[in-house]
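K.L.:
Below is one structure. I have some questions about it.
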Amino acid sequence: MVERYLFADEARCFTFNRQPNVSRYFMLCTITMTDTKAASSLHDLRRQLIWEGAEIGDYFHANVEKQNVRDRVFETMLGHDFEIQATPLRKVKGAASSQAR
């Protein structure tokens with residue numbers, strides 16, 4: 001049996017109200033891999049970027065990091081085997097089913 005590691009995160013917001021500027025979709029994103037070497041590589045990259053004087057927050061986040069940092073993160077990730085899945089969910093369907101209970 002092959003061990004698999006699964007990590008999940010949400011995208012968008014948890015607001016299920018129908019209001020202006022509130023997204024109609026909720027995203028569930030997962031990444032699966034057979035080892036955690038990518039995490040070690042990202043940790044090493046973080047140390048290297050700090051050593052180089054790059055502005056780094058508490059963790060990598062694509063909408064916060066500067067483009068040169070994002071490029072290095074993507075370059076690092078491409079050296080590893082993993083699968084990413086993103087599942088868009090219509091909020092109106094989730095809200096309707098939760099109200100029916």
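Just remember, in the structure tokens the first chain shown is A, the second B, etc., residues are 1-based per chain, and ligands are 1-based in the order shown.
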Just want the 10 Å neighbourhood of range 64-79 of chain A, counted on only C-alpha atoms, with same-chain residues fewer than 4 positions away dropped. Output as number ranges by chain.

P.N.:
A: 37-39, 41-42, 44-46, 49, 54-57, 59-60

K.L.:
Would you save the residues from that selection as an mmCIF file, in the first residue's frame, using N, CA and C atoms?

P.N.:
data_model
loop_
_atom_site.group_PDB
_atom_site.id
_atom_site.type_symbol
_atom_site.label_atom_id
_atom_site.label_comp_id
_atom_site.auth_asym_id
_atom_site.auth_seq_id
_atom_site.Cartn_x
_atom_site.Cartn_y
_atom_site.Cartn_z
ATOM 1 N N LYS A 37 8.736 15.712 0.993
ATOM 2 C CA LYS A 37 9.985 16.368 0.603
ATOM 3 C C LYS A 37 9.751 17.796 0.113
ATOM 4 N N ALA A 38 8.589 18.055 -0.467
ATOM 5 C CA ALA A 38 8.278 19.408 -0.930
ATOM 6 C C ALA A 38 8.269 20.379 0.243
ATOM 7 N N ALA A 39 7.749 19.948 1.376
ATOM 8 C CA ALA A 39 7.716 20.810 2.562
ATOM 9 C C ALA A 39 9.130 21.151 3.019
ATOM 10 N N SER A 41 11.778 21.219 1.142
ATOM 11 C CA SER A 41 12.351 22.115 0.130
ATOM 12 C C SER A 41 11.843 23.539 0.310
ATOM 13 N N LEU A 42 10.564 23.687 0.622
ATOM 14 C CA LEU A 42 10.008 25.027 0.844
ATOM 15 C C LEU A 42 10.585 25.653 2.109
ATOM 16 N N ASP A 44 13.588 25.042 3.266
ATOM 17 C CA ASP A 44 14.948 25.441 2.868
ATOM 18 C C ASP A 44 14.921 26.726 2.041
ATOM 19 N N LEU A 45 13.950 26.830 1.138
ATOM 20 C CA LEU A 45 13.818 28.042 0.320
ATOM 21 C C LEU A 45 13.541 29.248 1.209
ATOM 22 N N ARG A 46 12.685 29.084 2.178
ATOM 23 C CA ARG A 46 12.364 30.181 3.095
ATOM 24 C C ARG A 46 13.635 30.681 3.793
ATOM 25 N N LEU A 49 15.774 32.597 1.245
ATOM 26 C CA LEU A 49 15.228 33.920 0.935
ATOM 27 C C LEU A 49 15.474 34.900 2.082
ATOM 28 N N ALA A 54 15.183 38.891 1.468
ATOM 29 C CA ALA A 54 13.836 39.053 0.906
ATOM 30 C C ALA A 54 12.830 39.314 2.024
ATOM 31 N N GLU A 55 11.789 40.066 1.682
ATOM 32 C CA GLU A 55 10.711 40.313 2.650
ATOM 33 C C GLU A 55 9.825 39.075 2.688
ATOM 34 N N ILE A 56 9.844 38.385 3.819
ATOM 35 C CA ILE A 56 9.093 37.142 3.969
ATOM 36 C C ILE A 56 8.196 37.265 5.195
ATOM 37 N N GLY A 57 6.942 36.857 5.040
ATOM 38 C CA GLY A 57 6.018 36.851 6.173
ATOM 39 C C GLY A 57 6.179 35.571 6.981
ATOM 40 N N TYR A 59 4.534 32.876 6.582
ATOM 41 C CA TYR A 59 4.361 31.732 5.690
ATOM 42 C C TYR A 59 4.235 32.252 4.263
ATOM 43 N N PHE A 60 4.417 31.374 3.279
ATOM 44 C CA PHE A 60 4.241 31.764 1.882
ATOM 45 C C PHE A 60 2.748 31.892 1.588
#

K.L.:
Leaving out Tyr5 in chain A and any residue of its chain fewer than 5 positions from it, which residues lie within 12 Å of it when counting only C-alpha atoms, given as a tab-separated table (two decimals) with C-alpha atoms, in the first residue's frame?

P.N.:
chain	number	residue	atom	x	y	z
A	30	THR	CA	-6.36	19.74	-2.00
A	31	ILE	CA	-2.82	18.65	-2.68
A	32	THR	CA	-1.76	15.01	-2.43
A	33	MET	CA	1.74	13.57	-2.47
A	34	THR	CA	3.58	10.38	-1.59
A	35	ASP	CA	6.19	12.10	0.59
A	36	THR	CA	6.74	15.42	2.34
A	37	LYS	CA	9.99	16.37	0.60
A	38	ALA	CA	8.28	19.41	-0.93
A	39	ALA	CA	7.72	20.81	2.56
A	81	ASP	CA	5.65	15.00	-7.60
A	82	PHE	CA	2.20	16.05	-6.38
A	83	GLU	CA	-1.39	16.42	-7.52
A	84	ILE	CA	-3.62	19.43	-6.96

K.L.:
Counting only C-alpha atoms, which residue out of A:Arg90, A:Arg4, A:His61, A:His80 sits closest to Arg18 in chain A?

P.N.:
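Using only C-alpha atoms, the shortest distance to Arg18 in chain A belongs to A:Arg90.
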
K.L.:
Under the rule that only C-alpha atoms are counted, which of A:Glu3, A:Lys91, A:Asp9, A:Arg47 is the nearest residue to Leu28 in chain A?

P.N.:
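Answer, going by the shortest atom-to-atom distance: A:Asp9.
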
K.L.:
What are the DSSP helix (DSSP H, G or I) residues of chain A, as a ChimeraX atom specification?

P.N.:
/A:37-51,67-77,91-99

K.L.:
Based on the selection just made, write N, CA, C and O atoms of those residues as a tab-separated table (two decimals), in the first residue's frame.

P.N.:
chain	number	residue	atom	x	y	z
A	37	LYS	N	8.74	15.71	0.99
A	37	LYS	CA	9.99	16.37	0.60
A	37	LYS	C	9.75	17.80	0.11
A	37	LYS	O	10.61	18.67	0.27
A	38	ALA	N	8.59	18.05	-0.47
A	38	ALA	CA	8.28	19.41	-0.93
A	38	ALA	C	8.27	20.38	0.24
A	38	ALA	O	8.76	21.51	0.13
A	39	ALA	N	7.75	19.95	1.38
A	39	ALA	CA	7.72	20.81	2.56
A	39	ALA	C	9.13	21.15	3.02
A	39	ALA	O	9.42	22.30	3.36
A	40	SER	N	10.01	20.16	3.02
A	40	SER	CA	11.40	20.42	3.40
A	40	SER	C	12.06	21.39	2.42
A	40	SER	O	12.80	22.29	2.83
A	41	SER	N	11.78	21.22	1.14
A	41	SER	CA	12.35	22.11	0.13
A	41	SER	C	11.84	23.54	0.31
A	41	SER	O	12.60	24.51	0.17
A	42	LEU	N	10.56	23.69	0.62
A	42	LEU	CA	10.01	25.03	0.84
A	42	LEU	C	10.58	25.65	2.11
A	42	LEU	O	10.84	26.86	2.15
A	43	HIS	N	10.80	24.85	3.11
A	43	HIS	CA	11.42	25.34	4.34
A	43	HIS	C	12.85	25.83	4.04
A	43	HIS	O	13.27	26.90	4.51
A	44	ASP	N	13.59	25.04	3.27
A	44	ASP	CA	14.95	25.44	2.87
A	44	ASP	C	14.92	26.73	2.04
A	44	ASP	O	15.77	27.61	2.22
A	45	LEU	N	13.95	26.83	1.14
A	45	LEU	CA	13.82	28.04	0.32
A	45	LEU	C	13.54	29.25	1.21
A	45	LEU	O	14.12	30.32	1.00
A	46	ARG	N	12.68	29.08	2.18
A	46	ARG	CA	12.36	30.18	3.09
A	46	ARG	C	13.63	30.68	3.79
A	46	ARG	O	13.88	31.89	3.86
A	47	ARG	N	14.43	29.76	4.29
A	47	ARG	CA	15.70	30.14	4.93
A	47	ARG	C	16.61	30.89	3.96
A	47	ARG	O	17.23	31.90	4.31
A	48	GLN	N	16.71	30.38	2.73
A	48	GLN	CA	17.56	31.00	1.72
A	48	GLN	C	17.08	32.42	1.40
A	48	GLN	O	17.88	33.35	1.30
A	49	LEU	N	15.77	32.60	1.24
A	49	LEU	CA	15.23	33.92	0.93
A	49	LEU	C	15.47	34.90	2.08
A	49	LEU	O	15.80	36.07	1.85
A	50	ILE	N	15.34	34.42	3.31
A	50	ILE	CA	15.62	35.29	4.46
A	50	ILE	C	17.09	35.68	4.46
A	50	ILE	O	17.45	36.84	4.68
A	51	TRP	N	17.96	34.71	4.17
A	51	TRP	CA	19.41	34.97	4.11
A	51	TRP	C	19.72	36.02	3.04
A	51	TRP	O	20.59	36.87	3.22
A	67	GLN	N	6.48	39.00	-6.70
A	67	GLN	CA	6.56	38.07	-7.83
A	67	GLN	C	7.83	37.23	-7.80
A	67	GLN	O	7.79	36.04	-8.08
A	68	ASN	N	8.97	37.82	-7.43
A	68	ASN	CA	10.21	37.05	-7.43
A	68	ASN	C	10.16	35.91	-6.39
A	68	ASN	O	10.70	34.83	-6.62
A	69	VAL	N	9.49	36.13	-5.28
A	69	VAL	CA	9.33	35.07	-4.28
A	69	VAL	C	8.38	34.00	-4.81
A	69	VAL	O	8.65	32.80	-4.70
A	70	ARG	N	7.27	34.41	-5.40
A	70	ARG	CA	6.32	33.45	-5.98
A	70	ARG	C	7.01	32.59	-7.03
A	70	ARG	O	6.82	31.37	-7.08
A	71	ASP	N	7.84	33.22	-7.88
A	71	ASP	CA	8.56	32.47	-8.91
A	71	ASP	C	9.45	31.40	-8.29
A	71	ASP	O	9.51	30.27	-8.78
A	72	ARG	N	10.14	31.75	-7.22
A	72	ARG	CA	11.03	30.78	-6.57
A	72	ARG	C	10.23	29.65	-5.92
A	72	ARG	O	10.65	28.50	-5.92
A	73	VAL	N	9.08	29.97	-5.35
A	73	VAL	CA	8.23	28.93	-4.75
A	73	VAL	C	7.76	27.96	-5.83
A	73	VAL	O	7.85	26.74	-5.68
A	74	PHE	N	7.25	28.49	-6.94
A	74	PHE	CA	6.78	27.62	-8.03
A	74	PHE	C	7.92	26.78	-8.59
A	74	PHE	O	7.75	25.60	-8.87
A	75	GLU	N	9.08	27.39	-8.76
A	75	GLU	CA	10.25	26.65	-9.25
A	75	GLU	C	10.59	25.49	-8.31
A	75	GLU	O	10.88	24.38	-8.75
A	76	THR	N	10.53	25.75	-7.03
A	76	THR	CA	10.81	24.71	-6.03
A	76	THR	C	9.77	23.60	-6.09
A	76	THR	O	10.10	22.41	-6.08
A	77	MET	N	8.50	23.97	-6.18
A	77	MET	CA	7.43	22.97	-6.20
A	77	MET	C	7.49	22.10	-7.45
A	77	MET	O	7.16	20.91	-7.38
A	91	LYS	N	-22.28	28.34	-3.63
A	91	LYS	CA	-22.72	28.61	-2.27
A	91	LYS	C	-24.24	28.49	-2.13
A	91	LYS	O	-24.72	28.02	-1.11
A	92	VAL	N	-24.96	28.88	-3.15
A	92	VAL	CA	-26.41	28.85	-3.05
A	92	VAL	C	-26.92	27.43	-2.80
A	92	VAL	O	-27.89	27.22	-2.09
A	93	LYS	N	-26.25	26.44	-3.35
A	93	LYS	CA	-26.66	25.05	-3.12
A	93	LYS	C	-26.32	24.61	-1.71
A	93	LYS	O	-27.07	23.88	-1.07
A	94	GLY	N	-25.17	25.02	-1.20
A	94	GLY	CA	-24.79	24.67	0.17
A	94	GLY	C	-25.69	25.34	1.20
A	94	GLY	O	-26.10	24.74	2.18
A	95	ALA	N	-26.01	26.61	0.97
A	95	ALA	CA	-26.87	27.32	1.89
A	95	ALA	C	-28.27	26.73	1.89
A	95	ALA	O	-28.90	26.58	2.94
A	96	ALA	N	-28.77	26.32	0.73
A	96	ALA	CA	-30.12	25.75	0.64
A	96	ALA	C	-30.19	24.42	1.38
A	96	ALA	O	-31.14	24.14	2.10
A	97	SER	N	-29.16	23.58	1.24
A	97	SER	CA	-29.20	22.29	1.89
A	97	SER	C	-29.01	22.42	3.40
A	97	SER	O	-29.58	21.65	4.15
A	98	SER	N	-28.25	23.40	3.86
A	98	SER	CA	-28.08	23.56	5.29
A	98	SER	C	-29.32	24.15	5.95
A	98	SER	O	-29.61	23.88	7.10
A	99	GLN	N	-30.12	24.93	5.21
A	99	GLN	CA	-31.35	25.50	5.75
A	99	GLN	C	-32.46	24.48	5.78
A	99	GLN	O	-33.40	24.59	6.56

K.L.:
Give me, please, the distance in Å between CA of Leu6 in chain A and CA of Arg24 in chain A, quoted to one decimal.

P.N.:
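Between CA of Leu6 in chain A and CA of Arg24 in chain A the gap is 26.3 Å.
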
K.L.:
Apply DSSP to the backbone of this structure and, from chain A, keep only the residues in strand (DSSP E or B); write these as an MDAnalysis selection string.

P.N.:
chainID A and resid 5:11 25:33 83:90

K.L.:
Would you mind exporting N, CA, C and O atoms of the selected residues as an mmCIF file, in the first residue's frame?

P.N.:
data_model
loop_
_atom_site.group_PDB
_atom_site.id
_atom_site.type_symbol
_atom_site.label_atom_id
_atom_site.label_comp_id
_atom_site.auth_asym_id
_atom_site.auth_seq_id
_atom_site.Cartn_x
_atom_site.Cartn_y
_atom_site.Cartn_z
ATOM 1 N N TYR A 5 -0.126 11.609 1.384
ATOM 2 C CA TYR A 5 -0.348 12.738 2.274
ATOM 3 C C TYR A 5 -1.350 13.658 1.590
ATOM 4 O O TYR A 5 -1.255 13.914 0.392
ATOM 5 N N LEU A 6 -2.295 14.144 2.345
ATOM 6 C CA LEU A 6 -3.348 15.004 1.819
ATOM 7 C C LEU A 6 -3.414 16.271 2.656
ATOM 8 O O LEU A 6 -3.484 16.208 3.891
ATOM 9 N N PHE A 7 -3.370 17.407 1.983
ATOM 10 C CA PHE A 7 -3.509 18.701 2.637
ATOM 11 C C PHE A 7 -4.648 19.430 1.945
ATOM 12 O O PHE A 7 -4.789 19.359 0.729
ATOM 13 N N ALA A 8 -5.469 20.128 2.713
ATOM 14 C CA ALA A 8 -6.629 20.825 2.144
ATOM 15 C C ALA A 8 -6.704 22.250 2.679
ATOM 16 O O ALA A 8 -6.245 22.548 3.780
ATOM 17 N N ASP A 9 -7.285 23.114 1.866
ATOM 18 C CA ASP A 9 -7.492 24.501 2.258
ATOM 19 C C ASP A 9 -8.669 25.033 1.465
ATOM 20 O O ASP A 9 -8.984 24.535 0.378
ATOM 21 N N GLU A 10 -9.307 26.058 2.005
ATOM 22 C CA GLU A 10 -10.424 26.668 1.300
ATOM 23 C C GLU A 10 -9.952 27.937 0.598
ATOM 24 O O GLU A 10 -8.954 28.531 0.985
ATOM 25 N N ALA A 11 -10.687 28.300 -0.411
ATOM 26 C CA ALA A 11 -10.428 29.556 -1.104
ATOM 27 C C ALA A 11 -11.744 30.314 -1.187
ATOM 28 O O ALA A 11 -12.807 29.718 -1.197
ATOM 29 N N TYR A 25 -19.161 31.505 -5.234
ATOM 30 C CA TYR A 25 -18.541 30.186 -5.182
ATOM 31 C C TYR A 25 -17.619 30.060 -3.976
ATOM 32 O O TYR A 25 -17.066 31.038 -3.486
ATOM 33 N N PHE A 26 -17.474 28.855 -3.537
ATOM 34 C CA PHE A 26 -16.550 28.472 -2.477
ATOM 35 C C PHE A 26 -15.656 27.402 -3.090
ATOM 36 O O PHE A 26 -16.139 26.534 -3.813
ATOM 37 N N MET A 27 -14.362 27.453 -2.845
ATOM 38 C CA MET A 27 -13.432 26.487 -3.434
ATOM 39 C C MET A 27 -12.814 25.632 -2.343
ATOM 40 O O MET A 27 -12.393 26.156 -1.315
ATOM 41 N N LEU A 28 -12.767 24.348 -2.596
ATOM 42 C CA LEU A 28 -12.031 23.435 -1.731
ATOM 43 C C LEU A 28 -10.847 22.942 -2.541
ATOM 44 O O LEU A 28 -11.017 22.370 -3.620
ATOM 45 N N CYS A 29 -9.647 23.208 -2.045
ATOM 46 C CA CYS A 29 -8.430 22.837 -2.762
ATOM 47 C C CYS A 29 -7.659 21.799 -1.958
ATOM 48 O O CYS A 29 -7.539 21.914 -0.739
ATOM 49 N N THR A 30 -7.155 20.778 -2.653
ATOM 50 C CA THR A 30 -6.358 19.745 -1.996
ATOM 51 C C THR A 30 -5.080 19.506 -2.777
ATOM 52 O O THR A 30 -5.030 19.712 -3.991
ATOM 53 N N ILE A 31 -4.064 19.080 -2.061
ATOM 54 C CA ILE A 31 -2.821 18.652 -2.678
ATOM 55 C C ILE A 31 -2.487 17.297 -2.067
ATOM 56 O O ILE A 31 -2.602 17.112 -0.857
ATOM 57 N N THR A 32 -2.147 16.337 -2.913
ATOM 58 C CA THR A 32 -1.763 15.012 -2.433
ATOM 59 C C THR A 32 -0.363 14.694 -2.937
ATOM 60 O O THR A 32 0.027 15.116 -4.027
ATOM 61 N N MET A 33 0.378 13.953 -2.104
ATOM 62 C CA MET A 33 1.742 13.574 -2.466
ATOM 63 C C MET A 33 2.127 12.299 -1.722
ATOM 64 O O MET A 33 1.472 11.926 -0.757
ATOM 65 N N GLU A 83 -0.168 16.162 -6.768
ATOM 66 C CA GLU A 83 -1.393 16.418 -7.525
ATOM 67 C C GLU A 83 -2.204 17.475 -6.781
ATOM 68 O O GLU A 83 -2.317 17.433 -5.558
ATOM 69 N N ILE A 84 -2.772 18.393 -7.535
ATOM 70 C CA ILE A 84 -3.621 19.431 -6.955
ATOM 71 C C ILE A 84 -5.011 19.302 -7.556
ATOM 72 O O ILE A 84 -5.154 19.094 -8.762
ATOM 73 N N GLN A 85 -6.016 19.422 -6.707
ATOM 74 C CA GLN A 85 -7.397 19.421 -7.160
ATOM 75 C C GLN A 85 -8.094 20.628 -6.544
ATOM 76 O O GLN A 85 -7.876 20.936 -5.371
ATOM 77 N N ALA A 86 -8.915 21.275 -7.332
ATOM 78 C CA ALA A 86 -9.733 22.387 -6.848
ATOM 79 C C ALA A 86 -11.179 22.090 -7.216
ATOM 80 O O ALA A 86 -11.481 21.810 -8.370
ATOM 81 N N THR A 87 -12.035 22.133 -6.233
ATOM 82 C CA THR A 87 -13.453 21.840 -6.448
ATOM 83 C C THR A 87 -14.261 23.097 -6.169
ATOM 84 O O THR A 87 -14.348 23.536 -5.014
ATOM 85 N N PRO A 88 -14.848 23.697 -7.212
ATOM 86 C CA PRO A 88 -15.702 24.868 -6.979
ATOM 87 C C PRO A 88 -17.095 24.415 -6.539
ATOM 88 O O PRO A 88 -17.658 23.472 -7.093
ATOM 89 N N LEU A 89 -17.611 25.052 -5.524
ATOM 90 C CA LEU A 89 -18.935 24.728 -4.998
ATOM 91 C C LEU A 89 -19.797 25.983 -5.040
ATOM 92 O O LEU A 89 -19.361 27.048 -4.591
ATOM 93 N N ARG A 90 -20.983 25.844 -5.570
ATOM 94 C CA ARG A 90 -21.902 26.985 -5.595
ATOM 95 C C ARG A 90 -22.477 27.175 -4.207
ATOM 96 O O ARG A 90 -23.115 26.284 -3.651
#
